[in-house]
>>> print(open('coords_33.pdb').read())   # PDB, C-alpha atoms
ATOM      1  CA  MET Z   1      26.246  29.594   1.804
ATOM      2  CA  ARG Z   2      23.288  27.257   2.253
ATOM      3  CA  PHE Z   3      22.698  23.957   0.459
ATOM      4  CA  ARG Z   4      19.661  24.008  -1.783
ATOM      5  CA  TYR Z   5      18.828  20.837  -3.688
ATOM      6  CA  ALA Z   6      17.242  21.578  -7.054
ATOM      7  CA  PHE Z   7      15.188  18.382  -7.010
ATOM      8  CA  GLN Z   8      13.945  18.626  -3.407
ATOM      9  CA  LYS Z   9      10.306  18.589  -4.509
ATOM     10  CA  ILE Z  10      10.877  15.270  -6.241
ATOM     11  CA  VAL Z  11      12.511  13.868  -3.082
ATOM     12  CA  ASP Z  12       9.508  15.075  -1.070
ATOM     13  CA  LEU Z  13       7.118  13.555  -3.624
ATOM     14  CA  LYS Z  14       8.888  10.194  -3.473
ATOM     15  CA  THR Z  15       8.762  10.260   0.331
ATOM     16  CA  ASN Z  16       5.037  11.035   0.228
ATOM     17  CA  GLU Z  17       4.432   8.256  -2.314
ATOM     18  CA  LYS Z  18       6.257   5.797  -0.061
ATOM     19  CA  THR Z  19       4.209   6.910   2.942
ATOM     20  CA  GLN Z  20       0.994   6.510   0.952
ATOM     21  CA  ALA Z  21       2.068   3.029  -0.210
ATOM     22  CA  GLU Z  22       2.753   2.072   3.425
ATOM     23  CA  TRP Z  23      -0.709   3.282   4.388
ATOM     24  CA  LEU Z  24      -2.353   1.338   1.548
ATOM     25  CA  LEU Z  25      -0.420  -1.798   2.506
ATOM     26  CA  SER Z  26      -1.559  -1.360   6.095
ATOM     27  CA  GLN Z  27      -5.174  -1.149   4.923
ATOM     28  CA  ALA Z  28      -4.778  -4.263   2.768
ATOM     29  CA  ILE Z  29      -3.275  -6.183   5.690
ATOM     30  CA  GLY Z  30      -6.175  -5.071   7.887
ATOM     31  CA  LYS Z  31      -8.659  -6.308   5.277
ATOM     32  CA  MET Z  32      -6.811  -9.633   5.020
ATOM     33  CA  ARG Z  33      -6.910 -10.066   8.797
ATOM     34  CA  GLU Z  34     -10.637  -9.332   8.814
ATOM     35  CA  GLU Z  35     -11.166 -12.019   6.171
ATOM     36  CA  GLU Z  36      -9.055 -14.506   8.155
ATOM     37  CA  SER Z  37     -11.024 -13.735  11.306
ATOM     38  CA  SER Z  38     -14.330 -14.108   9.493
ATOM     39  CA  LEU Z  39     -13.214 -17.433   7.994
ATOM     40  CA  SER Z  40     -12.180 -18.640  11.427
ATOM     41  CA  GLU Z  41     -15.593 -17.703  12.812
ATOM     42  CA  LEU Z  42     -17.275 -19.655  10.015
ATOM     43  CA  HIS Z  43     -15.177 -22.731  10.825
ATOM     44  CA  GLU Z  44     -16.058 -22.396  14.503
ATOM     45  CA  ALA Z  45     -19.749 -22.089  13.620
ATOM     46  CA  LYS Z  46     -19.494 -25.188  11.423
ATOM     47  CA  ASP Z  47     -17.822 -27.113  14.244
ATOM     48  CA  GLY Z  48     -20.585 -25.963  16.605
ATOM     49  CA  ILE Z  49     -23.281 -27.144  14.206
ATOM     50  CA  TYR Z  50     -21.550 -30.512  13.830
ATOM     51  CA  GLU Z  51     -21.465 -30.806  17.607
ATOM     52  CA  GLU Z  52     -25.136 -29.890  17.794
ATOM     53  CA  LEU Z  53     -25.912 -32.370  15.019
ATOM     54  CA  TYR Z  54     -24.097 -35.073  16.982
ATOM     55  CA  GLN Z  55     -25.974 -34.174  20.175
ATOM     56  CA  VAL Z  56     -29.311 -34.221  18.364
ATOM     57  CA  SER Z  57     -28.523 -37.557  16.707
ATOM     58  CA  THR Z  58     -27.804 -39.213  20.071
ATOM     59  CA  LYS Z  59     -31.162 -38.096  21.401
ATOM     60  CA  LYS Z  60     -34.590 -38.416  19.978
ATOM     61  CA  ALA Z  61     -34.832 -35.942  17.117
ATOM     62  CA  THR Z  62     -37.029 -35.585  14.112
ATOM     63  CA  ILE Z  63     -35.702 -36.004  10.639
ATOM     64  CA  SER Z  64     -36.704 -32.420   9.865
ATOM     65  CA  GLN Z  65     -34.508 -31.134  12.719
ATOM     66  CA  MET Z  66     -31.554 -33.112  11.428
ATOM     67  CA  MET Z  67     -32.197 -32.015   7.853
ATOM     68  CA  LEU Z  68     -32.406 -28.402   8.981
ATOM     69  CA  LEU Z  69     -29.047 -28.702  10.731
ATOM     70  CA  GLN Z  70     -27.549 -30.414   7.690
ATOM     71  CA  GLN Z  71     -28.821 -27.634   5.419
ATOM     72  CA  TYR Z  72     -27.261 -25.105   7.767
ATOM     73  CA  VAL Z  73     -23.939 -26.966   7.567
ATOM     74  CA  GLU Z  74     -24.169 -26.871   3.763
ATOM     75  CA  HIS Z  75     -24.917 -23.150   3.900
ATOM     76  CA  ILE Z  76     -21.885 -22.563   6.120
ATOM     77  CA  ASP Z  77     -19.778 -24.665   3.737
ATOM     78  CA  GLN Z  78     -20.843 -22.379   0.883
ATOM     79  CA  GLN Z  79     -19.987 -19.343   3.000
ATOM     80  CA  ILE Z  80     -16.564 -20.863   3.746
ATOM     81  CA  VAL Z  81     -15.916 -21.357   0.029
ATOM     82  CA  LEU Z  82     -16.861 -17.727  -0.648
ATOM     83  CA  LYS Z  83     -14.777 -16.505   2.293
ATOM     84  CA  ASN Z  84     -11.762 -18.511   1.071
ATOM     85  CA  HIS Z  85     -12.134 -16.737  -2.264
ATOM     86  CA  ASP Z  86     -12.334 -13.369  -0.501
ATOM     87  CA  LEU Z  87      -9.262 -14.269   1.563
ATOM     88  CA  MET Z  88      -7.283 -15.199  -1.551
ATOM     89  CA  GLN Z  89      -8.195 -11.853  -3.123
ATOM     90  CA  ALA Z  90      -7.146 -10.045   0.054
ATOM     91  CA  LYS Z  91      -3.807 -11.897   0.056
ATOM     92  CA  GLU Z  92      -3.260 -11.002  -3.603
ATOM     93  CA  ALA Z  93      -3.997  -7.371  -2.769
ATOM     94  CA  VAL Z  94      -1.458  -7.481   0.067
ATOM     95  CA  HIS Z  95       1.190  -8.921  -2.255
ATOM     96  CA  ALA Z  96       0.435  -6.272  -4.871
ATOM     97  CA  LYS Z  97       0.674  -3.501  -2.261
ATOM     98  CA  GLN Z  98       3.958  -4.974  -0.995
ATOM     99  CA  ASP Z  99       5.359  -4.873  -4.524
ATOM    100  CA  ILE Z 100       4.233  -1.278  -4.951
ATOM    101  CA  LEU Z 101       5.781  -0.329  -1.613
ATOM    102  CA  ALA Z 102       9.057  -2.008  -2.547
ATOM    103  CA  GLY Z 103       9.145   0.064  -5.737
ATOM    104  CA  ARG Z 104       8.364   3.264  -3.859
ATOM    105  CA  VAL Z 105      11.059   2.549  -1.268
ATOM    106  CA  LEU Z 106      13.578   1.956  -4.035
ATOM    107  CA  GLU Z 107      12.614   5.204  -5.802
ATOM    108  CA  GLU Z 108      12.894   7.145  -2.558
ATOM    109  CA  LYS Z 109      16.317   5.651  -1.850
ATOM    110  CA  VAL Z 110      17.551   6.561  -5.340
ATOM    111  CA  TRP Z 111      16.461  10.178  -4.968
ATOM    112  CA  SER Z 112      17.732  10.439  -1.405
ATOM    113  CA  LYS Z 113      21.078   9.033  -2.474
ATOM    114  CA  ALA Z 114      21.224  11.564  -5.321
ATOM    115  CA  LYS Z 115      20.495  14.348  -2.826
ATOM    116  CA  GLU Z 116      23.193  13.004  -0.522
ATOM    117  CA  LYS Z 117      25.749  12.975  -3.331
ATOM    118  CA  ALA Z 118      24.768  16.504  -4.336
ATOM    119  CA  TYR Z 119      25.226  17.609  -0.722
ATOM    120  CA  GLN Z 120      28.651  15.961  -0.602
ATOM    121  CA  ARG Z 121      29.680  17.751  -3.812
ATOM    122  CA  PHE Z 122      28.379  21.019  -2.353
ATOM    123  CA  THR Z 123      30.352  20.461   0.859
ATOM    124  CA  VAL Z 124      33.526  19.678  -1.068
ATOM    125  CA  ASN Z 125      33.094  22.850  -3.145
ATOM    126  CA  VAL Z 126      32.465  24.985  -0.059
ATOM    127  CA  LEU Z 127      35.504  23.562   1.691
ATOM    128  CA  LYS Z 128      37.605  24.072  -1.437
ATOM    129  CA  LYS Z 129      36.493  27.711  -1.682
ATOM    130  CA  GLU Z 130      37.278  28.263   1.988
ATOM    131  CA  GLN Z 131      40.689  26.675   1.560
ATOM    132  CA  ASP Z 132      41.348  28.823  -1.534
ATOM    133  CA  GLN Z 133      40.424  31.927   0.466
ATOM    134  CA  LEU Z 134      42.692  30.900   3.326
ATOM    135  CA  ASP Z 135      45.526  30.221   0.863
ATOM    136  CA  GLU Z 136      44.955  33.621  -0.744
ATOM    137  CA  MET Z 137      45.045  35.316   2.656
ATOM    138  CA  ALA Z 138      48.241  33.484   3.587
ATOM    139  CA  THR Z 139      49.854  34.410   0.271
ATOM    140  CA  ASN Z 140      48.908  38.073   0.711
ATOM    141  CA  ARG Z 141      50.243  38.110   4.279
ATOM    142  CA  PHE Z 142      53.472  36.483   3.154
ATOM    143  CA  ARG Z 143      53.909  39.074   0.358
ATOM    144  CA  ARG Z 144      53.384  41.920   2.796
ATOM    145  CA  LEU Z 145      55.962  40.553   5.184
ATOM    146  CA  SER Z 146      58.554  40.015   2.462
TER     147      SER Z 146
END
>>> encode(input="coords_33.pdb", output="structure tokens")
Amino acid sequence: MRFRYAFQKIVDLKTNEKTQAEWLLSQAIGKMREEESSLSELHEAKDGIYEELYQVSTKKATISQMMLLQQYVEHIDQQIVLKNHDLMQAKEAVHAKQDILAGRVLEEKVWSKAKEKAYQRFTVNVLKKEQDQLDEMATNRFRRLS
């Protein structure tokens, strides 16, 4: 006799949902890392412009050159503010995906545990039937010998 779990499709569905949640979390983490990398690049660019501004200020430079560099620094500052906002959204998305994954993992565990318990009950019943059959055979053999 073979074990057949009546709710196997639900167990499979919960496993697939967990896998999908893991994949979505992975995507969200990738997006967050991209935003962090982009923000880091903006900070490096800003530092480079400040260095260039310092170099230009120690040499003979026109006011227009210095103003142009200062405007570029302000532009990068605006980009940093926007990128910080994007990074915060990416982090919120990661946290949301982590919460979803935690729920999916819990659901999968509940259904897997239910399947496990059903299998244990099935095994106990099969063993009990086998033992009953063995007892019946022993009783019949004993009756024949008596």
>>> resolve_selection(input="coords_33.pdb", expression="the PyMOL selection byres ((chain Z and resi 67-83) around 8)", output="ChimeraX atom specification")
/Z:35,38-39,42-43,45-46,49-50,53,63-66,84-87
>>> closest_residue(input="coords_33.pdb", among="Z:Val126, Z:Leu106, Z:Ala93, Z:Ala6", to="Z:Met32", atoms="all atoms listed in the file")
Z:Ala93
>>> resolve_selection(input="coords_33.pdb", expression="the PyMOL selection byres ((chain Z and resi 2) around 10)", output="list of chain:residue names")
Z:Met1, Z:Phe3, Z:Arg4, Z:Tyr5, Z:Phe122, Z:Thr123, Z:Val126
>>> residues_around(input="coords_33.pdb", residues="Z:Thr19", least_positions_apart="4", cutoff="10 Å", atoms="all atoms listed in the file", output="count of residues only")
9
>>> residues_around(input="coords_33.pdb", residues="Z:Glu107", least_positions_apart="5", cutoff="12 Å", atoms="all atoms listed in the file", output="list in words")
Ile10, Val11, Asp12, Leu13, Lys14, Thr15, Asn16, Glu17, Lys18, Ile100, Leu101, Ala102, Ser112, Lys113 and Ala114 of chain Z
>>> resolve_selection(input="coords_33.pdb", expression="the PyMOL selection byres ((chain Z and resi 28) around 12)", output="ChimeraX atom specification")
/Z:21-27,29-35,87,89-98
>>> atom_distance(input="coords_33.pdb", atom1="atom CA of Z:Phe7", atom2="atom CA of Z:Ala118")
10.1 Å
>>> atom_distance(input="coords_33.pdb", atom1="atom CA of Z:Lys128", atom2="atom CA of Z:Trp111")
25.5 Å
>>> build_atoms(input="coords_33.pdb", residues="stretch 114-130 of chain Z", atoms="N, CA and C atoms", output="PDB file, in the frame of the given file")
ATOM      1  N   ALA Z 114      20.815  10.486  -4.413  1.00  0.00           N
ATOM      2  CA  ALA Z 114      21.224  11.564  -5.321  1.00  0.00           C
ATOM      3  C   ALA Z 114      21.357  12.886  -4.561  1.00  0.00           C
ATOM      4  N   LYS Z 115      20.427  13.128  -3.635  1.00  0.00           N
ATOM      5  CA  LYS Z 115      20.495  14.348  -2.826  1.00  0.00           C
ATOM      6  C   LYS Z 115      21.744  14.316  -1.946  1.00  0.00           C
ATOM      7  N   GLU Z 116      22.015  13.156  -1.366  1.00  0.00           N
ATOM      8  CA  GLU Z 116      23.193  13.004  -0.522  1.00  0.00           C
ATOM      9  C   GLU Z 116      24.479  13.296  -1.299  1.00  0.00           C
ATOM     10  N   LYS Z 117      24.565  12.758  -2.501  1.00  0.00           N
ATOM     11  CA  LYS Z 117      25.749  12.975  -3.331  1.00  0.00           C
ATOM     12  C   LYS Z 117      25.876  14.452  -3.714  1.00  0.00           C
ATOM     13  N   ALA Z 118      24.742  15.078  -4.015  1.00  0.00           N
ATOM     14  CA  ALA Z 118      24.768  16.504  -4.336  1.00  0.00           C
ATOM     15  C   ALA Z 118      25.240  17.304  -3.122  1.00  0.00           C
ATOM     16  N   TYR Z 119      24.800  16.924  -1.935  1.00  0.00           N
ATOM     17  CA  TYR Z 119      25.226  17.609  -0.722  1.00  0.00           C
ATOM     18  C   TYR Z 119      26.727  17.419  -0.499  1.00  0.00           C
ATOM     19  N   GLN Z 120      27.219  16.215  -0.753  1.00  0.00           N
ATOM     20  CA  GLN Z 120      28.651  15.961  -0.602  1.00  0.00           C
ATOM     21  C   GLN Z 120      29.464  16.817  -1.578  1.00  0.00           C
ATOM     22  N   ARG Z 121      28.996  16.903  -2.827  1.00  0.00           N
ATOM     23  CA  ARG Z 121      29.680  17.751  -3.812  1.00  0.00           C
ATOM     24  C   ARG Z 121      29.655  19.213  -3.358  1.00  0.00           C
ATOM     25  N   PHE Z 122      28.519  19.657  -2.854  1.00  0.00           N
ATOM     26  CA  PHE Z 122      28.379  21.019  -2.353  1.00  0.00           C
ATOM     27  C   PHE Z 122      29.374  21.268  -1.215  1.00  0.00           C
ATOM     28  N   THR Z 123      29.445  20.320  -0.280  1.00  0.00           N
ATOM     29  CA  THR Z 123      30.352  20.461   0.859  1.00  0.00           C
ATOM     30  C   THR Z 123      31.802  20.527   0.397  1.00  0.00           C
ATOM     31  N   VAL Z 124      32.159  19.668  -0.541  1.00  0.00           N
ATOM     32  CA  VAL Z 124      33.526  19.678  -1.068  1.00  0.00           C
ATOM     33  C   VAL Z 124      33.825  21.025  -1.711  1.00  0.00           C
ATOM     34  N   ASN Z 125      32.896  21.549  -2.491  1.00  0.00           N
ATOM     35  CA  ASN Z 125      33.094  22.850  -3.145  1.00  0.00           C
ATOM     36  C   ASN Z 125      33.226  23.970  -2.130  1.00  0.00           C
ATOM     37  N   VAL Z 126      32.393  23.945  -1.089  1.00  0.00           N
ATOM     38  CA  VAL Z 126      32.465  24.985  -0.059  1.00  0.00           C
ATOM     39  C   VAL Z 126      33.805  24.914   0.664  1.00  0.00           C
ATOM     40  N   LEU Z 127      34.220  23.719   1.002  1.00  0.00           N
ATOM     41  CA  LEU Z 127      35.504  23.562   1.691  1.00  0.00           C
ATOM     42  C   LEU Z 127      36.662  23.987   0.794  1.00  0.00           C
ATOM     43  N   LYS Z 128      36.557  23.675  -0.488  1.00  0.00           N
ATOM     44  CA  LYS Z 128      37.605  24.072  -1.437  1.00  0.00           C
ATOM     45  C   LYS Z 128      37.669  25.594  -1.542  1.00  0.00           C
ATOM     46  N   LYS Z 129      36.510  26.247  -1.610  1.00  0.00           N
ATOM     47  CA  LYS Z 129      36.493  27.711  -1.682  1.00  0.00           C
ATOM     48  C   LYS Z 129      37.087  28.317  -0.422  1.00  0.00           C
ATOM     49  N   GLU Z 130      36.726  27.762   0.732  1.00  0.00           N
ATOM     50  CA  GLU Z 130      37.278  28.263   1.988  1.00  0.00           C
ATOM     51  C   GLU Z 130      38.794  28.086   2.020  1.00  0.00           C
TER      52      GLU Z 130
END
